[in-house]
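Asker: My structure is below; once you've seen it, I'll send some questions.
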Amino acid sequence: MNKFCLITNRSKDADLELTNEIIKYMTLHQKDCVCIDREESYGNGSSAAIKEKIGNDTDCILVLGGDGTIIQAADIVCELKIPILGINLGTLGFLADIERNQVWAALDCLFSDDYSIEERIMLRGVLINDKRQENLGVVLNDIVISRSNFSKIINISIYVNGELADSYRGDGVIVSTPTGSTGYSLSSGGPVVKPDADILVLTPICPHTLGARSIVISSNDSVRIQISENKIPDQEGAVAVLDGKLTKELTAGDSIHITKASEKTRMVKINHVEFFEVLRKKIGQGGEKR
């Protein structure tokens, strides 16, 4: 690898200290490197502008921050098919392969092509109603449909390949990839899934029934989440949240169609630490959820 892009989270890397050290190290080894400040670029620039700055000929994207920074970067750059190496500067960093004290050894591995690539499936969400269909984007972690009004519940119907799988009143539902299974889905009682599994997980959020449980389906299945009318008029407001970003407000009759995206996130693996070892250390007994 010879050309790199650094996406850095300034709130995690005070004064860009580590970022600048990495740039100096790459310059010393005659590597090209462009730097993107997450706050400046994500807040003020479009996805297209960020992709243009990265360039199609970039060999690897280094993401400095926590899981949120890595997920946000993956959602933007997945179309470029450039592998991502996460460097953990957050509190948990479940998605990051490298800790801060491993940076220089990791860079040497990249320079000498001593690494492997792990592909992660992604989700695509499409809004469907009587008036239109709208592409909501591609995500690495999860698509959440939840209530928008405080202390109000919504009526949800879940269809898998056109067949009604479940229907209940509650706070919403999470549709997650294996990568997203250790996030919001896990906190809501969903199962832990190995990242290389080719499945999706549907987890209810605070359902008002004892029967609603997580559903595991094939990643090739098609999911439709329907918002139904509430008993109280104008109280069926809901929102679609894609990887933590509020994307669309929903009303009764709206539905979100969710399928496996053609895009994939390509993660660089250097440490080759087994999944369950990471699980035990980072979200095991007494650990924190991300």
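In the structure tokens, chains take letters A, B, ... by order of appearance, with residues numbered from 1 within each chain and ligands from 1 in the order shown.
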Restrict the calculation to only C-alpha atoms, then for each residue of region 117-176 of chain A with any atom at most 12 Å from an atom of region 80-95 of chain A give the closest atom pair and their distance in Å to one decimal, rows by chain and rising residue number, as JSON lines.
Answerer:
```
{"residue": "A:Ile117", "atom": "CA", "partner": "A:Pro83", "partner_atom": "CA", "distance": 7.3}
{"residue": "A:Glu118", "atom": "CA", "partner": "A:Pro83", "partner_atom": "CA", "distance": 8.8}
{"residue": "A:Glu119", "atom": "CA", "partner": "A:Pro83", "partner_atom": "CA", "distance": 8.9}
{"residue": "A:Arg120", "atom": "CA", "partner": "A:Pro83", "partner_atom": "CA", "distance": 10.9}
{"residue": "A:Leu140", "atom": "CA", "partner": "A:Leu95", "partner_atom": "CA", "distance": 11.0}
{"residue": "A:Asn141", "atom": "CA", "partner": "A:Leu95", "partner_atom": "CA", "distance": 10.6}
```
Asker: Can you spit out the residues from that selection as a PDB file, in the first residue's frame, using all heavy atoms?
Answerer:
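Saved result, again_25.pdb, follows:
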```
ATOM      1  N   ILE A 117      -8.195  -8.948   4.413  1.00  0.00           N
ATOM      2  CA  ILE A 117      -9.397  -8.122   4.260  1.00  0.00           C
ATOM      3  C   ILE A 117     -10.620  -8.938   4.676  1.00  0.00           C
ATOM      4  O   ILE A 117     -10.800 -10.078   4.237  1.00  0.00           O
ATOM      5  CB  ILE A 117      -9.587  -7.638   2.812  1.00  0.00           C
ATOM      6  CG1 ILE A 117      -8.386  -6.825   2.337  1.00  0.00           C
ATOM      7  CG2 ILE A 117     -10.874  -6.822   2.692  1.00  0.00           C
ATOM      8  CD1 ILE A 117      -8.191  -5.514   3.067  1.00  0.00           C
ATOM      9  N   GLU A 118     -11.441  -8.340   5.546  1.00  0.00           N
ATOM     10  CA  GLU A 118     -12.695  -8.968   5.989  1.00  0.00           C
ATOM     11  C   GLU A 118     -13.860  -8.149   5.457  1.00  0.00           C
ATOM     12  O   GLU A 118     -13.939  -6.951   5.705  1.00  0.00           O
ATOM     13  CB  GLU A 118     -12.729  -9.017   7.514  1.00  0.00           C
ATOM     14  CG  GLU A 118     -13.975  -9.673   8.083  1.00  0.00           C
ATOM     15  CD  GLU A 118     -13.939  -9.715   9.603  1.00  0.00           C
ATOM     16  OE1 GLU A 118     -13.328 -10.641  10.156  1.00  0.00           O
ATOM     17  OE2 GLU A 118     -14.495  -8.788  10.228  1.00  0.00           O
ATOM     18  N   GLU A 119     -14.760  -8.801   4.732  1.00  0.00           N
ATOM     19  CA  GLU A 119     -15.904  -8.098   4.157  1.00  0.00           C
ATOM     20  C   GLU A 119     -17.111  -8.184   5.088  1.00  0.00           C
ATOM     21  O   GLU A 119     -17.412  -9.243   5.628  1.00  0.00           O
ATOM     22  CB  GLU A 119     -16.255  -8.667   2.781  1.00  0.00           C
ATOM     23  CG  GLU A 119     -15.205  -8.377   1.720  1.00  0.00           C
ATOM     24  CD  GLU A 119     -15.659  -8.750   0.323  1.00  0.00           C
ATOM     25  OE1 GLU A 119     -16.568  -9.614   0.209  1.00  0.00           O
ATOM     26  OE2 GLU A 119     -15.138  -8.180  -0.646  1.00  0.00           O
ATOM     27  N   ARG A 120     -17.784  -7.052   5.260  1.00  0.00           N
ATOM     28  CA  ARG A 120     -18.983  -6.976   6.105  1.00  0.00           C
ATOM     29  C   ARG A 120     -20.187  -6.592   5.240  1.00  0.00           C
ATOM     30  O   ARG A 120     -20.106  -5.655   4.427  1.00  0.00           O
ATOM     31  CB  ARG A 120     -18.801  -5.912   7.196  1.00  0.00           C
ATOM     32  CG  ARG A 120     -17.568  -6.101   8.084  1.00  0.00           C
ATOM     33  CD  ARG A 120     -17.758  -7.225   9.077  1.00  0.00           C
ATOM     34  NE  ARG A 120     -16.647  -7.334  10.015  1.00  0.00           N
ATOM     35  CZ  ARG A 120     -16.612  -6.761  11.214  1.00  0.00           C
ATOM     36  NH1 ARG A 120     -17.653  -6.026  11.621  1.00  0.00           N
ATOM     37  NH2 ARG A 120     -15.577  -6.932  12.011  1.00  0.00           N
ATOM     38  N   LEU A 140     -23.862   0.211   7.552  1.00  0.00           N
ATOM     39  CA  LEU A 140     -23.094  -0.936   8.030  1.00  0.00           C
ATOM     40  C   LEU A 140     -23.726  -1.576   9.260  1.00  0.00           C
ATOM     41  O   LEU A 140     -23.674  -2.792   9.433  1.00  0.00           O
ATOM     42  CB  LEU A 140     -21.664  -0.490   8.359  1.00  0.00           C
ATOM     43  CG  LEU A 140     -20.757  -1.508   9.065  1.00  0.00           C
ATOM     44  CD1 LEU A 140     -20.558  -2.745   8.199  1.00  0.00           C
ATOM     45  CD2 LEU A 140     -19.416  -0.872   9.417  1.00  0.00           C
ATOM     46  N   ASN A 141     -24.327  -0.772  10.126  1.00  0.00           N
ATOM     47  CA  ASN A 141     -24.751  -1.236  11.439  1.00  0.00           C
ATOM     48  C   ASN A 141     -26.219  -1.666  11.489  1.00  0.00           C
ATOM     49  O   ASN A 141     -26.525  -2.845  11.609  1.00  0.00           O
ATOM     50  CB  ASN A 141     -24.507  -0.142  12.472  1.00  0.00           C
ATOM     51  CG  ASN A 141     -23.813  -0.639  13.712  1.00  0.00           C
ATOM     52  OD1 ASN A 141     -22.935  -1.481  13.631  1.00  0.00           O
ATOM     53  ND2 ASN A 141     -24.198  -0.106  14.860  1.00  0.00           N
TER      54      ASN A 141
END
```
Asker: Write out as a PyMOL selection string the residues lying within 6 Å of region 153-159 of chain A, counting only C-alpha atoms and excluding same-chain residues fewer than 4 positions away.
Answerer: chain A and resi 163-171+223-228+236
Asker: Smallest atom-to-atom distance to Phe111 (chain A): which of A:Glu17, A:Asp32, A:Asp243, A:Asp67, using only C-alpha atoms?
Answerer: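 Using only C-alpha atoms, Phe111 (chain A) sits closest to A:Asp32.
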Asker: Would you pick out the contacts of Val201 (chain A) at 7 Å or less, using only C-alpha atoms, so that residues sharing its chain but fewer than 5 positions from it are not included, and give the list as a list of chain:residue names?
Answerer: A:Val175, A:Ser176, A:Thr177, A:Ser214, A:Ile215, A:Val216, A:Ile217
Asker: Keeping only all heavy atoms, write the selected residues as a CSV table (one decimal), in the first residue's frame.
Answerer:
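See part_4.csv below for the written result:
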```
chain,number,residue,atom,x,y,z
A,175,VAL,N,-33.4,-3.4,12.7
A,175,VAL,CA,-32.9,-4.4,11.7
A,175,VAL,C,-31.4,-4.2,11.6
A,175,VAL,O,-31.0,-3.2,11.1
A,175,VAL,CB,-33.6,-4.2,10.3
A,175,VAL,CG1,-33.1,-5.2,9.3
A,175,VAL,CG2,-35.1,-4.2,10.5
A,176,SER,N,-30.7,-5.2,12.0
A,176,SER,CA,-29.2,-5.1,12.1
A,176,SER,C,-28.5,-6.1,11.3
A,176,SER,O,-29.0,-7.2,11.1
A,176,SER,CB,-28.8,-5.1,13.6
A,176,SER,OG,-28.8,-6.5,14.0
A,177,THR,N,-27.3,-5.7,10.8
A,177,THR,CA,-26.4,-6.7,10.2
A,177,THR,C,-25.7,-7.4,11.3
A,177,THR,O,-25.8,-7.1,12.5
A,177,THR,CB,-25.3,-5.9,9.4
A,177,THR,OG1,-24.6,-5.1,10.3
A,177,THR,CG2,-26.0,-5.0,8.4
A,214,SER,N,-36.6,-11.5,19.1
A,214,SER,CA,-35.7,-11.3,17.9
A,214,SER,C,-36.0,-12.4,16.9
A,214,SER,O,-36.2,-13.5,17.2
A,214,SER,CB,-34.3,-11.3,18.3
A,214,SER,OG,-33.9,-10.1,19.1
A,215,ILE,N,-35.9,-12.0,15.6
A,215,ILE,CA,-36.1,-12.9,14.5
A,215,ILE,C,-34.8,-12.9,13.7
A,215,ILE,O,-34.3,-11.8,13.4
A,215,ILE,CB,-37.2,-12.5,13.6
A,215,ILE,CG1,-38.5,-12.5,14.4
A,215,ILE,CG2,-37.4,-13.5,12.4
A,215,ILE,CD1,-39.7,-11.9,13.6
A,216,VAL,N,-34.2,-14.1,13.4
A,216,VAL,CA,-33.0,-14.2,12.6
A,216,VAL,C,-33.4,-14.7,11.2
A,216,VAL,O,-34.1,-15.7,11.1
A,216,VAL,CB,-32.0,-15.1,13.3
A,216,VAL,CG1,-30.7,-15.2,12.4
A,216,VAL,CG2,-31.6,-14.6,14.6
A,217,ILE,N,-33.0,-14.0,10.2
A,217,ILE,CA,-33.4,-14.4,8.8
A,217,ILE,C,-32.1,-14.4,7.9
A,217,ILE,O,-31.1,-13.9,8.3
A,217,ILE,CB,-34.4,-13.4,8.2
A,217,ILE,CG1,-33.9,-12.0,8.2
A,217,ILE,CG2,-35.7,-13.4,9.1
A,217,ILE,CD1,-34.8,-11.0,7.5
```
Asker: Quick one: of A:Leu16, A:Ile50, A:Val144, A:Ala252, who's nearest to Leu123 (chain A), counting only C-alpha atoms?
Answerer: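 Closest residue, counting only C-alpha atoms: A:Val144.
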Asker: Compare A:Glu274, A:Asp130, A:Asp254, A:Glu21 by their minimum atom-to-atom distance to Leu107 (chain A), counting only C-alpha atoms, and give me the closest one.
Answerer: A:Glu21
Asker: Taking 5 positions as the minimum chain separation for residues in the same chain, which residues sit within 8 Å of Ile174 (chain A) when counting only C-alpha atoms? Answer as a PyMOL selection string.
Answerer: chain A and resi 142-145+184-185+201-205
Asker: Give me every strand (DSSP E) residue in region 54-263 of chain A, going by DSSP on the backbone, as number ranges by chain.
Answerer: A: 60-65, 84-88, 98-99, 116-128, 133-139, 142-147, 154-160, 163-170, 172-176, 199-205, 215-218, 223-228, 238-242, 245-250, 255-263
Asker: Using only C-alpha atoms, determine which residues lie at most 8 Å from Asn129 (chain A), disregarding the query and same-chain residues fewer than 3 positions distant; provide the list as a list of chain:residue names.
Answerer: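 The filter keeps A:Arg132, A:Gln133, A:Gly253, A:Asp254, A:Ser255.
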Asker: Those selected residues, please, written with C-alpha atoms and delivered as a PDB file, in the first residue's frame.
Answerer:
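Printed below is again10.pdb as written:
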```
ATOM      1  CA  ARG A 132     -43.186   7.777  -3.917  1.00  0.00           C
ATOM      2  CA  GLN A 133     -40.245   5.511  -3.264  1.00  0.00           C
ATOM      3  CA  GLY A 253     -49.141   3.956   5.922  1.00  0.00           C
ATOM      4  CA  ASP A 254     -45.424   4.475   5.383  1.00  0.00           C
ATOM      5  CA  SER A 255     -43.133   1.490   5.240  1.00  0.00           C
TER       6      SER A 255
END
```
Asker: Give me, as number ranges by chain, all polymer residues having an atom no more than 10 Å from region 56-60 of chain A, counting only C-alpha atoms and skipping those fewer than 3 positions away in the same chain.
Answerer: A: 1-6, 32-34, 51-53, 63, 79-85, 110, 266-268
Asker: Could the residues in this selection be written to a file with N, CA and C atoms, as an mmCIF file, in the first residue's frame?
Answerer:
```cif
data_model
loop_
_atom_site.group_PDB
_atom_site.id
_atom_site.type_symbol
_atom_site.label_atom_id
_atom_site.label_comp_id
_atom_site.auth_asym_id
_atom_site.auth_seq_id
_atom_site.Cartn_x
_atom_site.Cartn_y
_atom_site.Cartn_z
ATOM 1 N N MET A 1 0.832 -1.195 0.000
ATOM 2 C CA MET A 1 0.000 0.000 0.000
ATOM 3 C C MET A 1 0.873 1.253 0.000
ATOM 4 N N ASN A 2 0.479 2.205 -0.863
ATOM 5 C CA ASN A 2 1.291 3.417 -0.999
ATOM 6 C C ASN A 2 0.515 4.713 -0.810
ATOM 7 N N LYS A 3 -0.783 4.675 -1.041
ATOM 8 C CA LYS A 3 -1.580 5.909 -0.918
ATOM 9 C C LYS A 3 -2.660 5.712 0.136
ATOM 10 N N PHE A 4 -2.705 6.627 1.090
ATOM 11 C CA PHE A 4 -3.599 6.493 2.233
ATOM 12 C C PHE A 4 -4.451 7.744 2.426
ATOM 13 N N CYS A 5 -5.583 7.544 3.111
ATOM 14 C CA CYS A 5 -6.430 8.654 3.560
ATOM 15 C C CYS A 5 -6.675 8.480 5.051
ATOM 16 N N LEU A 6 -6.481 9.549 5.812
ATOM 17 C CA LEU A 6 -6.765 9.544 7.246
ATOM 18 C C LEU A 6 -8.067 10.286 7.484
ATOM 19 N N ASP A 32 2.057 8.466 0.176
ATOM 20 C CA ASP A 32 1.140 9.585 -0.007
ATOM 21 C C ASP A 32 0.004 9.502 0.997
ATOM 22 N N CYS A 33 -0.407 10.649 1.514
ATOM 23 C CA CYS A 33 -1.462 10.655 2.528
ATOM 24 C C CYS A 33 -2.266 11.946 2.461
ATOM 25 N N VAL A 34 -3.596 11.814 2.443
ATOM 26 C CA VAL A 34 -4.493 12.958 2.538
ATOM 27 C C VAL A 34 -5.273 12.818 3.837
ATOM 28 N N LYS A 51 -15.845 11.854 -1.023
ATOM 29 C CA LYS A 51 -15.349 10.772 -1.871
ATOM 30 C C LYS A 51 -14.336 11.290 -2.880
ATOM 31 N N GLU A 52 -14.597 12.475 -3.423
ATOM 32 C CA GLU A 52 -13.676 13.065 -4.391
ATOM 33 C C GLU A 52 -12.331 13.380 -3.744
ATOM 34 N N LYS A 53 -12.371 13.848 -2.508
ATOM 35 C CA LYS A 53 -11.131 14.157 -1.798
ATOM 36 C C LYS A 53 -10.334 12.891 -1.515
ATOM 37 N N VAL A 63 -9.100 5.159 9.878
ATOM 38 C CA VAL A 63 -10.097 5.912 10.634
ATOM 39 C C VAL A 63 -9.657 5.983 12.084
ATOM 40 N N GLU A 79 -18.982 2.717 -1.479
ATOM 41 C CA GLU A 79 -19.024 2.630 -2.932
ATOM 42 C C GLU A 79 -17.630 2.631 -3.553
ATOM 43 N N LEU A 80 -16.655 3.178 -2.846
ATOM 44 C CA LEU A 80 -15.299 3.250 -3.376
ATOM 45 C C LEU A 80 -14.564 1.918 -3.281
ATOM 46 N N LYS A 81 -15.081 0.994 -2.468
ATOM 47 C CA LYS A 81 -14.488 -0.337 -2.290
ATOM 48 C C LYS A 81 -13.056 -0.271 -1.741
ATOM 49 N N ILE A 82 -12.761 0.767 -0.992
ATOM 50 C CA ILE A 82 -11.439 0.920 -0.389
ATOM 51 C C ILE A 82 -11.464 0.331 1.016
ATOM 52 N N PRO A 83 -10.512 -0.515 1.382
ATOM 53 C CA PRO A 83 -10.510 -1.103 2.720
ATOM 54 C C PRO A 83 -10.261 -0.074 3.816
ATOM 55 N N ILE A 84 -10.839 -0.340 4.986
ATOM 56 C CA ILE A 84 -10.760 0.571 6.135
ATOM 57 C C ILE A 84 -10.024 -0.116 7.278
ATOM 58 N N LEU A 85 -9.100 0.613 7.884
ATOM 59 C CA LEU A 85 -8.453 0.148 9.115
ATOM 60 C C LEU A 85 -8.863 1.075 10.245
ATOM 61 N N LEU A 110 0.969 -2.580 6.809
ATOM 62 C CA LEU A 110 0.332 -2.060 5.601
ATOM 63 C C LEU A 110 1.363 -1.799 4.512
ATOM 64 N N ARG A 266 -15.196 -3.151 3.552
ATOM 65 C CA ARG A 266 -13.986 -3.982 3.553
ATOM 66 C C ARG A 266 -13.097 -3.520 4.712
ATOM 67 N N MET A 267 -12.944 -4.368 5.724
ATOM 68 C CA MET A 267 -12.178 -4.036 6.916
ATOM 69 C C MET A 267 -10.804 -4.692 6.866
ATOM 70 N N VAL A 268 -9.758 -3.900 7.107
ATOM 71 C CA VAL A 268 -8.395 -4.430 7.169
ATOM 72 C C VAL A 268 -8.188 -5.127 8.506
#
```
Asker: If I take CA of Gln30 (chain A) and CA of Ile61 (chain A), how far is one from the other in Å, to one decimal?
Answerer: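 Going from CA of Gln30 (chain A) over to CA of Ile61 (chain A) covers 16.8 Å.
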Asker: Taking the DSSP secondary structure from the backbone, can you list the residues of region 29-270 of chain A that are helix (DSSP H, G or I), as number ranges by chain?
Answerer: A: 38-44, 47-54, 67-80, 100-111, 179-182, 184-187
Asker: Of the candidates A:Lys248, A:Arg100, A:Lys152, A:Lys269, which one gets nearest to Glu134 (chain A) if we count only C-alpha atoms?
Answerer: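 Answer, going by the shortest atom-to-atom distance: A:Lys248.
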Asker: Please measure the separation of CA of Gly189 (chain A) and CA of Cys206 (chain A), giving the value in Å to one decimal.
Answerer: 9.6 Å
Asker: Determine the nearest neighbour of Thr8 (chain A) from the options A:Ala106, A:Val139, A:Leu62, A:Val239, counting only C-alpha atoms.
Answerer: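 The shortest atom-to-atom distance to Thr8 (chain A) comes from A:Leu62.
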Asker: My list of candidates is A:Asp113, A:Gly137, A:Leu200, A:Asn149. Which is closest to Glu249 (chain A) when distances are computed with only C-alpha atoms?
Answerer: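 Using only C-alpha atoms, Glu249 (chain A) sits closest to A:Asn149.
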